[in-house]
$ cat model18.txt   # compact mmCIF, C-alpha atoms
# COMPACT_ATOMS: atom_id res chain seq x y z
CA MET T 1 -10.52 44.80 9.61
CA ILE T 2 -10.59 42.29 6.74
CA LYS T 3 -12.59 39.17 7.61
CA ILE T 4 -11.81 35.83 5.95
CA CYS T 5 -14.34 32.98 6.12
CA HIS T 6 -13.26 29.42 5.37
CA LEU T 7 -16.04 26.94 4.61
CA THR T 8 -16.09 23.13 4.73
CA SER T 9 -18.93 20.64 5.00
CA VAL T 10 -16.60 17.62 4.80
CA HIS T 11 -13.30 18.19 6.58
CA PRO T 12 -12.76 18.07 10.36
CA ARG T 13 -12.36 21.39 12.15
CA TYR T 14 -8.68 20.75 12.82
CA ASP T 15 -7.85 19.73 9.26
CA THR T 16 -4.13 20.13 8.71
CA ARG T 17 -4.34 22.22 5.54
CA ILE T 18 -7.40 24.29 6.44
CA PHE T 19 -6.95 24.96 10.16
CA TYR T 20 -3.31 24.41 11.09
CA LYS T 21 -1.80 25.95 7.98
CA GLU T 22 -4.14 28.38 6.23
CA CYS T 23 -6.40 29.66 9.01
CA ARG T 24 -3.68 29.95 11.66
CA PHE T 25 -1.32 31.70 9.27
CA LEU T 26 -3.99 34.20 8.19
CA ALA T 27 -4.91 34.92 11.81
CA LYS T 28 -1.26 35.54 12.67
CA SER T 29 -1.05 37.85 9.64
CA GLY T 30 -3.69 40.16 11.10
CA TYR T 31 -6.88 38.96 9.39
CA THR T 32 -10.07 38.22 11.26
CA VAL T 33 -10.57 34.52 10.49
CA CYS T 34 -13.63 32.35 10.92
CA LEU T 35 -14.17 28.74 9.90
CA ILE T 36 -17.53 27.09 9.19
CA VAL T 37 -17.57 23.33 9.82
CA ALA T 38 -20.19 20.59 10.05
CA ASP T 39 -19.04 18.12 12.69
CA GLY T 40 -21.58 18.54 15.51
CA LYS T 41 -18.94 19.55 18.07
CA GLY T 42 -20.22 23.08 18.60
CA ASP T 43 -18.80 26.59 18.23
CA GLU T 44 -15.46 27.60 19.70
CA ILE T 45 -12.63 30.09 19.43
CA ILE T 46 -9.12 28.67 19.25
CA ASP T 47 -5.84 30.31 18.26
CA GLY T 48 -7.82 33.42 17.39
CA ILE T 49 -9.98 31.54 14.86
CA ILE T 50 -13.76 31.62 15.35
CA ILE T 51 -15.24 28.20 14.51
CA TYR T 52 -18.94 27.95 13.68
CA ASP T 53 -20.56 24.50 13.60
CA VAL T 54 -23.72 23.98 11.52
CA GLY T 55 -24.24 20.43 12.82
CA LYS T 56 -23.30 16.99 11.64
CA SER T 57 -25.28 15.31 8.86
CA LYS T 58 -26.56 11.73 9.02
CA GLY T 59 -25.16 10.70 5.67
CA ARG T 60 -23.59 11.77 2.38
CA ILE T 61 -26.91 12.66 0.71
CA GLN T 62 -28.14 14.75 3.64
CA ARG T 63 -24.79 16.48 3.82
CA MET T 64 -24.87 17.46 0.16
CA LEU T 65 -28.50 18.62 0.18
CA LEU T 66 -29.07 20.05 3.67
CA THR T 67 -25.70 20.78 5.25
CA THR T 68 -24.52 22.83 2.26
CA LYS T 69 -27.58 25.08 2.69
CA LYS T 70 -26.76 25.55 6.38
CA VAL T 71 -23.18 26.43 5.48
CA PHE T 72 -24.42 29.04 2.98
CA LEU T 73 -26.82 30.64 5.45
CA LYS T 74 -24.13 30.85 8.12
CA ALA T 75 -21.67 32.26 5.58
CA ILE T 76 -23.86 35.18 4.49
CA SER T 77 -24.65 36.01 8.11
CA LEU T 78 -20.94 36.62 8.79
CA ASN T 79 -20.51 39.38 6.20
CA ALA T 80 -16.92 38.38 5.35
CA THR T 81 -14.59 40.11 2.90
CA ILE T 82 -13.41 36.87 1.28
CA TYR T 83 -15.01 33.41 1.34
CA HIS T 84 -12.65 30.46 0.92
CA ILE T 85 -14.41 27.16 0.12
CA HIS T 86 -12.71 23.76 0.48
CA ASP T 87 -15.11 21.15 -0.90
CA PRO T 88 -16.36 20.45 -4.43
CA GLU T 89 -19.88 20.07 -3.01
CA LEU T 90 -19.66 23.72 -1.91
CA ILE T 91 -19.00 25.01 -5.44
CA SER T 92 -22.71 25.77 -5.80
CA THR T 93 -22.55 27.58 -2.45
CA GLY T 94 -19.64 29.60 -3.81
CA LEU T 95 -21.66 30.54 -6.88
CA LYS T 96 -24.51 31.78 -4.66
CA LEU T 97 -22.04 33.93 -2.78
CA LYS T 98 -20.69 35.30 -6.06
CA LYS T 99 -24.21 36.27 -7.15
CA ARG T 100 -24.29 38.48 -4.07
CA GLY T 101 -21.17 40.27 -5.29
CA LEU T 102 -18.86 38.61 -2.76
CA ASN T 103 -15.24 37.49 -3.19
CA VAL T 104 -14.87 33.71 -3.41
CA ILE T 105 -11.84 31.41 -3.61
CA PHE T 106 -12.10 27.69 -4.34
CA ASP T 107 -9.38 25.50 -2.79
CA ALA T 108 -8.98 22.29 -4.83
CA HIS T 109 -7.34 19.75 -2.53
CA GLU T 110 -7.66 16.93 -5.07
CA ASP T 111 -8.26 16.35 -8.78
CA LEU T 112 -11.90 15.36 -8.29
CA PRO T 113 -12.64 13.93 -11.77
CA LYS T 114 -9.68 11.56 -11.42
CA GLN T 115 -10.50 10.82 -7.78
CA LEU T 116 -13.99 9.62 -8.73
CA LEU T 117 -12.51 6.94 -10.96
CA SER T 118 -11.26 5.14 -7.83
CA LYS T 119 -14.24 5.58 -5.48
CA SER T 120 -15.21 2.12 -4.26
CA TYR T 121 -18.70 3.22 -3.21
CA LEU T 122 -19.52 4.17 -6.82
CA PRO T 123 -20.61 1.42 -9.25
CA LYS T 124 -17.86 1.02 -11.86
CA VAL T 125 -20.32 1.56 -14.71
CA ILE T 126 -20.98 5.18 -13.70
CA ARG T 127 -17.46 6.24 -12.67
CA VAL T 128 -16.25 7.37 -16.11
CA PRO T 129 -19.40 9.29 -17.15
CA LEU T 130 -19.60 10.88 -13.69
CA SER T 131 -15.94 11.88 -13.88
CA GLU T 132 -16.51 13.47 -17.28
CA PHE T 133 -19.60 15.30 -16.02
CA ILE T 134 -17.71 16.72 -13.03
CA ALA T 135 -14.87 17.84 -15.30
CA GLN T 136 -17.34 19.81 -17.41
CA PHE T 137 -19.00 21.16 -14.27
CA GLU T 138 -15.63 22.47 -13.05
CA LYS T 139 -14.99 24.19 -16.38
CA LYS T 140 -18.37 25.89 -16.31
CA THR T 141 -18.35 27.03 -12.70
CA CYS T 142 -14.80 27.60 -11.51
CA LYS T 143 -14.09 30.32 -14.06
CA LYS T 144 -16.52 32.49 -12.08
CA PHE T 145 -14.49 32.49 -8.87
CA ASP T 146 -12.02 35.22 -7.95
CA ALA T 147 -9.23 32.67 -7.63
CA ILE T 148 -8.47 28.97 -7.51
CA ILE T 149 -5.95 27.56 -5.04
CA THR T 150 -4.68 24.05 -5.68
CA ALA T 151 -2.72 21.63 -3.51
CA THR T 152 -0.28 20.63 -6.27
CA PRO T 153 1.25 22.16 -9.43
CA PHE T 154 -0.40 19.41 -11.51
CA ILE T 155 -3.89 20.43 -10.39
CA ARG T 156 -2.93 24.09 -10.88
CA GLU T 157 -2.09 23.46 -14.53
CA LYS T 158 -5.55 22.01 -15.07
CA PHE T 159 -7.31 24.96 -13.47
CA LEU T 160 -5.19 27.57 -15.28
CA LYS T 161 -7.08 26.54 -18.41
CA ILE T 162 -10.32 27.39 -16.58
CA ASN T 163 -9.37 30.35 -14.41
CA LYS T 164 -6.21 32.38 -15.10
CA ASN T 165 -6.02 33.39 -11.42
CA SER T 166 -5.01 29.90 -10.26
CA ILE T 167 -2.03 29.20 -8.00
CA ASP T 168 -0.66 26.19 -6.17
CA VAL T 169 -0.21 26.31 -2.39
CA ASN T 170 1.39 22.97 -1.62
CA ASN T 171 0.70 20.95 1.53
CA PHE T 172 4.31 21.04 2.67
CA PRO T 173 5.13 20.63 6.39
CA ILE T 174 5.56 23.41 8.90
CA LEU T 175 9.32 23.45 9.42
CA ASP T 176 9.50 22.79 13.15
CA GLU T 177 6.42 20.59 13.63
CA PHE T 178 8.04 17.18 13.18
CA VAL T 179 11.63 17.68 14.27
CA LYS T 180 12.64 14.31 15.71
CA GLU T 181 12.94 13.74 19.43
CA LYS T 182 16.02 11.88 20.62
CA THR T 183 15.49 8.15 21.02
CA ASN T 184 17.83 5.18 21.28
CA ASN T 185 18.56 2.88 18.35
CA LEU T 186 16.59 -0.06 19.79
CA GLU T 187 13.39 1.99 19.58
CA LYS T 188 13.95 2.83 15.92
CA ARG T 189 13.41 -0.53 14.28
CA ASN T 190 9.79 0.02 13.31
CA ILE T 191 8.42 1.37 10.04
CA CYS T 192 5.41 3.70 10.15
CA TYR T 193 2.40 4.46 8.00
CA ILE T 194 0.22 7.43 8.95
CA GLY T 195 -2.96 8.40 7.10
CA ILE T 196 -6.28 7.09 5.85
CA ILE T 197 -6.10 3.31 5.47
CA SER T 198 -7.72 1.99 2.31
CA LYS T 199 -7.38 -0.65 -0.39
CA ILE T 200 -6.22 1.83 -3.02
CA ARG T 201 -3.61 3.18 -0.60
CA GLY T 202 -1.98 -0.23 -0.65
CA ILE T 203 -2.72 -1.53 2.84
CA GLU T 204 -3.09 -5.17 1.74
CA GLU T 205 0.23 -5.21 -0.10
CA LEU T 206 1.94 -3.43 2.80
CA VAL T 207 0.75 -5.84 5.47
CA THR T 208 1.53 -8.78 3.15
CA ALA T 209 5.09 -7.42 2.86
CA PHE T 210 5.46 -7.64 6.65
CA GLY T 211 4.53 -11.29 6.41
CA ILE T 212 7.62 -12.03 4.28
CA ILE T 213 10.26 -9.67 5.71
CA GLU T 214 13.45 -11.28 6.98
CA SER T 215 14.39 -8.63 9.55
CA ASN T 216 13.00 -8.22 13.05
CA THR T 217 10.82 -5.16 12.59
CA GLY T 218 7.19 -4.12 12.82
CA LEU T 219 4.74 -1.55 11.49
CA PHE T 220 3.23 1.37 13.38
CA LEU T 221 -0.11 1.70 11.56
CA CYS T 222 -1.88 4.99 12.30
CA GLY T 223 -5.20 6.10 10.88
CA ASP T 224 -8.80 5.07 10.33
CA PHE T 225 -9.85 2.33 7.92
CA ASP T 226 -12.17 3.75 5.27
CA GLU T 227 -14.19 0.49 5.26
CA PHE T 228 -14.94 -1.76 8.24
CA GLU T 229 -14.82 -4.89 6.07
CA LEU T 230 -11.32 -4.02 4.92
CA LYS T 231 -10.00 -3.99 8.48
CA GLY T 232 -11.25 -7.55 9.03
CA LYS T 233 -9.67 -8.70 5.78
CA VAL T 234 -6.29 -7.14 6.59
CA GLU T 235 -6.29 -8.58 10.12
CA ASN T 236 -6.39 -12.07 8.58
CA LEU T 237 -3.16 -11.52 6.61
CA SER T 238 -0.03 -13.18 8.01
CA GLY T 239 1.80 -9.87 8.29
CA TRP T 240 -0.75 -8.50 10.75
CA SER T 241 1.17 -10.11 13.62
CA LYS T 242 3.91 -7.52 12.95
CA VAL T 243 1.46 -4.59 13.06
CA LYS T 244 0.87 -2.31 16.01
CA TYR T 245 -2.41 -0.64 15.09
CA LEU T 246 -2.77 2.72 16.85
CA GLY T 247 -5.95 3.99 15.15
CA PHE T 248 -6.37 7.71 14.57
CA VAL T 249 -3.61 9.78 16.19
CA ASP T 250 -3.50 13.54 16.73
CA ARG T 251 -0.62 15.76 15.63
CA GLY T 252 1.22 15.37 18.94
CA LYS T 253 1.07 11.57 18.74
CA VAL T 254 2.17 11.68 15.10
CA ARG T 255 5.33 13.44 16.25
CA LYS T 256 6.03 10.67 18.78
CA VAL T 257 5.41 7.90 16.25
CA LEU T 258 7.79 9.52 13.77
CA SER T 259 10.43 9.90 16.48
CA HIS T 260 10.28 6.17 17.25
CA SER T 261 10.38 5.02 13.61
CA LEU T 262 13.23 4.05 11.33
CA ALA T 263 11.43 4.92 8.07
CA GLY T 264 8.04 5.97 6.73
CA VAL T 265 6.05 4.22 4.01
CA VAL T 266 3.60 5.56 1.40
CA THR T 267 2.87 2.84 -1.16
CA PHE T 268 -0.34 4.03 -2.79
CA LEU T 269 -1.57 1.94 -5.72
CA PRO T 270 -1.33 3.38 -9.28
CA GLU T 271 -4.82 4.90 -9.37
CA PRO T 272 -5.53 7.97 -11.60
CA ASN T 273 -5.61 10.41 -8.66
CA HIS T 274 -2.41 9.06 -7.11
CA THR T 275 0.26 9.18 -9.81
CA GLU T 276 0.40 13.00 -9.97
CA SER T 277 -0.44 13.64 -6.30
CA GLN T 278 1.94 14.85 -3.58
CA PRO T 279 0.97 13.00 -0.38
CA ASN T 280 1.51 15.06 2.77
CA LYS T 281 3.07 12.08 4.49
CA ILE T 282 6.02 11.85 2.13
CA PHE T 283 7.05 15.36 3.15
CA GLU T 284 6.19 14.83 6.82
CA TYR T 285 8.46 11.78 6.92
CA MET T 286 11.19 13.83 5.27
CA SER T 287 10.58 16.69 7.72
CA ALA T 288 11.07 14.28 10.63
CA GLY T 289 14.36 13.08 9.17
CA LEU T 290 13.03 9.67 8.13
CA PRO T 291 13.89 7.94 4.86
CA VAL T 292 10.86 7.18 2.69
CA ILE T 293 9.63 3.96 1.08
CA CYS T 294 7.16 5.03 -1.60
CA SER T 295 5.51 4.07 -4.87
CA ASN T 296 7.66 4.33 -7.99
CA PHE T 297 5.51 6.92 -9.79
CA PRO T 298 7.67 9.31 -11.88
CA LEU T 299 6.78 12.39 -9.78
CA TRP T 300 7.41 10.59 -6.49
CA ARG T 301 10.66 9.17 -7.82
CA GLN T 302 11.76 12.69 -8.77
CA ILE T 303 11.11 13.92 -5.23
CA VAL T 304 12.46 10.95 -3.26
CA GLU T 305 15.27 9.57 -5.38
CA GLY T 306 16.08 13.04 -6.70
CA ASN T 307 16.83 14.14 -3.13
CA LYS T 308 18.43 10.80 -2.18
CA CYS T 309 16.03 10.38 0.71
CA GLY T 310 14.42 7.01 0.15
CA ILE T 311 13.60 4.00 -2.01
CA CYS T 312 10.86 3.77 -4.64
CA VAL T 313 9.14 0.41 -5.13
CA ASP T 314 6.38 -1.20 -7.14
CA PRO T 315 3.39 -0.74 -4.77
CA LEU T 316 1.73 -3.85 -6.20
CA ASN T 317 4.73 -6.04 -5.32
CA PRO T 318 4.95 -6.97 -1.59
CA ARG T 319 8.40 -8.50 -2.13
CA GLU T 320 9.82 -5.18 -3.33
CA ILE T 321 8.25 -3.44 -0.34
CA SER T 322 9.66 -6.04 2.08
CA ALA T 323 13.12 -5.77 0.49
CA ALA T 324 13.13 -2.00 1.02
CA ILE T 325 12.09 -2.48 4.66
CA ASP T 326 14.82 -5.06 5.24
CA PHE T 327 17.38 -2.78 3.60
CA PHE T 328 16.75 0.08 6.02
CA VAL T 329 16.64 -2.20 9.06
CA ASN T 330 19.95 -3.82 8.05
CA ASN T 331 21.58 -0.52 7.04
CA PRO T 332 20.68 2.02 9.74
CA GLU T 333 23.57 4.32 8.78
CA ILE T 334 22.26 4.65 5.22
CA ALA T 335 18.75 5.16 6.59
CA GLN T 336 20.04 7.95 8.80
CA GLU T 337 21.91 9.60 5.93
CA MET T 338 18.87 9.47 3.66
CA GLY T 339 16.79 10.91 6.50
CA LYS T 340 19.19 13.84 6.76
CA ASN T 341 18.95 14.39 3.01
CA GLY T 342 15.17 14.49 3.24
CA ARG T 343 15.25 17.00 6.09
CA MET T 344 17.65 19.19 4.11
CA ALA T 345 15.27 19.14 1.11
CA ILE T 346 12.40 20.20 3.37
CA GLU T 347 14.41 23.13 4.71
CA GLN T 348 15.36 24.26 1.21
CA TYR T 349 12.31 23.53 -0.95
CA TYR T 350 9.34 21.77 0.61
CA ASN T 351 8.14 23.78 3.62
CA TRP T 352 4.95 25.63 4.50
CA GLU T 353 6.84 28.82 5.31
CA LEU T 354 7.55 29.21 1.58
CA GLU T 355 4.00 28.30 0.56
CA GLU T 356 2.21 30.67 2.96
CA LYS T 357 3.73 33.65 1.18
CA LYS T 358 1.75 32.70 -1.95
CA LEU T 359 -1.45 32.63 0.10
CA LEU T 360 -0.84 36.07 1.55
CA GLU T 361 -0.03 37.54 -1.88
CA LEU T 362 -3.26 36.14 -3.32
CA TYR T 363 -5.41 37.50 -0.48
CA SER T 364 -3.74 40.90 -0.79
CA LYS T 365 -4.44 40.91 -4.53
CA ILE T 366 -8.11 40.10 -4.07

$ encode --input "model18.txt" --output "structure tokens"
Amino acid sequence: MIKICHLTSVHPRYDTRIFYKECRFLAKSGYTVCLIVADGKGDEIIDGIIIYDVGKSKGRIQRMLLTTKKVFLKAISLNATIYHIHDPELISTGLKLKKRGLNVIFDAHEDLPKQLLSKSYLPKVIRVPLSEFIAQFEKKTCKKFDAIITATPFIREKFLKINKNSIDVNNFPILDEFVKEKTNNLEKRNICYIGIISKIRGIEELVTAFGIIESNTGLFLCGDFDEFELKGKVENLSGWSKVKYLGFVDRGKVRKVLSHSLAGVVTFLPEPNHTESQPNKIFEYMSAGLPVICSNFPLWRQIVEGNKCGICVDPLNPREISAAIDFFVNNPEIAQEMGKNGRMAIEQYYNWELEEKKLLELYSKI
């Protein structure tokens, strides 16, 4: 029996991409699948996947120095056929596994060098040189892995120059996960945002937009703030009175929020790691039959306006965001039609059932 071991020192054990999509699919395909995590919640077996917990670290430095070693030691004890790593900080762990003659895949969820340019916890003076250093580090190390999996075609193109065995496995929705429940029209006047809440993801502009909307609508805000200070700042904006903050919600609650929403919003700011990204939530909104209000980046415009399933706006302009919100509230028939268009695009092009075939082909090849 072929054993696959997924490794993460950063992501939660029930990460959507790692657990719900990749691990569950591989287990259903007949592989023995185990997942190493570092969250302090203990070992367990769920959906046929064996989860091993190496313990939660007390901070970023300890995680990178100590937790990665624990992940490596657990990994070699499992004697897997293929090791699938999910964090850039585990690249060195992957290289150690390669030195032992083992098969290793690196799963690049983000374009890390570009992502570093927007990290608020890094002093601005070191962001560019650190980004350049990491880019060189990727070129030197990732060519040694058996394969690279990327979350978007854009990231794939970068890695193809480093490792010819690079493919994209996009984070598209599972077809039936977010099919809308039936609700009455009065319950569908709210807009929703689901995901990490941060400054660079446009939370200040979004809440400001709700302070100037003309229609009677509110915002379902779901997710954790990445900074405590930011939450206090946003709560002082006039639009906060229109916000129903639900905090972190699990997948079941996400489905309910989507079912009670008129549209979904993703107005990330034009940071280097955003303009070529493909946020999961755009496709999850589409999967649930909701029209999308999103940033007017060329790639996002191609997806949303190209499929006639939403409105693209300047994410730095609260008035454009508020106008899009008012439009959907005042034109529910158009919102419904755009939602249907989005769902149709998911069924034809943007679903996990198409992506999982790539994953299986790659594992079979290795």

$ closest_atom_pairs --input "model18.txt" --of "range 260-307 of chain T" --to "range 188-205 of chain T" --cutoff "7 Å" --atoms "all atoms listed in the file" --output "JSON lines"
{"residue": "T:His260", "atom": "CA", "partner": "T:Lys188", "partner_atom": "CA", "distance": 5.1}
{"residue": "T:Ser261", "atom": "CA", "partner": "T:Lys188", "partner_atom": "CA", "distance": 4.8}
{"residue": "T:Leu262", "atom": "CA", "partner": "T:Lys188", "partner_atom": "CA", "distance": 4.8}
{"residue": "T:Ala263", "atom": "CA", "partner": "T:Ile191", "partner_atom": "CA", "distance": 5.1}
{"residue": "T:Gly264", "atom": "CA", "partner": "T:Cys192", "partner_atom": "CA", "distance": 4.9}
{"residue": "T:Val265", "atom": "CA", "partner": "T:Tyr193", "partner_atom": "CA", "distance": 5.4}
{"residue": "T:Val266", "atom": "CA", "partner": "T:Tyr193", "partner_atom": "CA", "distance": 6.8}
{"residue": "T:Thr267", "atom": "CA", "partner": "T:Gly202", "partner_atom": "CA", "distance": 5.8}
{"residue": "T:Phe268", "atom": "CA", "partner": "T:Arg201", "partner_atom": "CA", "distance": 4.0}
{"residue": "T:Leu269", "atom": "CA", "partner": "T:Ile200", "partner_atom": "CA", "distance": 5.4}

$ atom_distance --input "model18.txt" --atom1 "CA of Ala151 in chain T" --atom2 "CA of Ser92 in chain T"
20.5 Å

$ residues_around --input "model18.txt" --residues "Val37 in chain T" --least-positions-apart "6" --cutoff "9 Å" --atoms "all atoms listed in the file" --output "list in words"
His6, Leu7, Thr8, Ser9, Val10, His11, Pro12, Arg13, Ile51, Tyr52, Asp53, Val54, Gly55, Lys56 and Val71 of chain T

$ closest_residue --input "model18.txt" --among "T:Ser57, T:Ser29, T:Arg24, T:Asp47" --to "Leu360 in chain T" --atoms "all atoms listed in the file"
T:Ser29

$ atom_distance --input "model18.txt" --atom1 "CA of Pro279 in chain T" --atom2 "CA of Trp300 in chain T"
9.2 Å

$ closest_residue --input "model18.txt" --among "T:Lys119, T:Lys340, T:Lys98, T:Lys58" --to "Asp226 in chain T" --atoms "only C-alpha atoms"
T:Lys119

$ closest_residue --input "model18.txt" --among "T:Lys233, T:Arg343, T:Lys3, T:Lys70" --to "Pro173 in chain T" --atoms "only C-alpha atoms"
T:Arg343

$ residues_near_point --input "model18.txt" --point "(12.9, -8.2, 11.7)" --cutoff "10 Å" --atoms "all atoms listed in the file" --output "compact mmCIF listing (two decimals) with C-alpha atoms, keeping the file's coordinate frame"
# COMPACT_ATOMS: atom_id res chain seq x y z
CA ARG T 189 13.41 -0.53 14.28
CA ASN T 190 9.79 0.02 13.31
CA PHE T 210 5.46 -7.64 6.65
CA ILE T 212 7.62 -12.03 4.28
CA ILE T 213 10.26 -9.67 5.71
CA GLU T 214 13.45 -11.28 6.98
CA SER T 215 14.39 -8.63 9.55
CA ASN T 216 13.00 -8.22 13.05
CA THR T 217 10.82 -5.16 12.59
CA GLY T 218 7.19 -4.12 12.82
CA LYS T 242 3.91 -7.52 12.95
CA ILE T 325 12.09 -2.48 4.66
CA ASP T 326 14.82 -5.06 5.24
CA VAL T 329 16.64 -2.20 9.06
CA ASN T 330 19.95 -3.82 8.05

$ axis_aligned_box --input "model18.txt" --around "range 261-265 of chain T" --padding-each-side "4 Å" --output "JSON"
{"center_x": 9.6, "center_y": 5.0, "center_z": 8.8, "size_x": 15.2, "size_y": 9.9, "size_z": 17.6}

$ closest_residue --input "model18.txt" --among "T:Leu219, T:Pro298, T:Ile126, T:Ile2" --to "Asn79 in chain T" --atoms "only C-alpha atoms"
T:Ile2

$ closest_residue --input "model18.txt" --among "T:Leu122, T:Phe154, T:Pro113, T:Ala80" --to "Ala135 in chain T" --atoms "only C-alpha atoms"
T:Pro113

$ closest_residue --input "model18.txt" --among "T:Ile105, T:Leu97, T:Leu299, T:Leu175" --to "Gln348 in chain T" --atoms "all atoms listed in the file"
T:Leu175

$ residues_around --input "model18.txt" --residues "Asn171 in chain T" --least-positions-apart "6" --cutoff "12 Å" --atoms "all atoms listed in the file" --output "PyMOL selection string"
chain T and resi 15-18+20-22+107-110+149-153+277-284+346+350-356+359

$ atom_distance --input "model18.txt" --atom1 "CA of Lys99 in chain T" --atom2 "CA of Gly30 in chain T"
27.7 Å

$ residues_around --input "model18.txt" --residues "Lys114 in chain T" --least-positions-apart "6" --cutoff "8 Å" --atoms "only C-alpha atoms" --output "PyMOL selection string"
chain T and resi 131+272-273
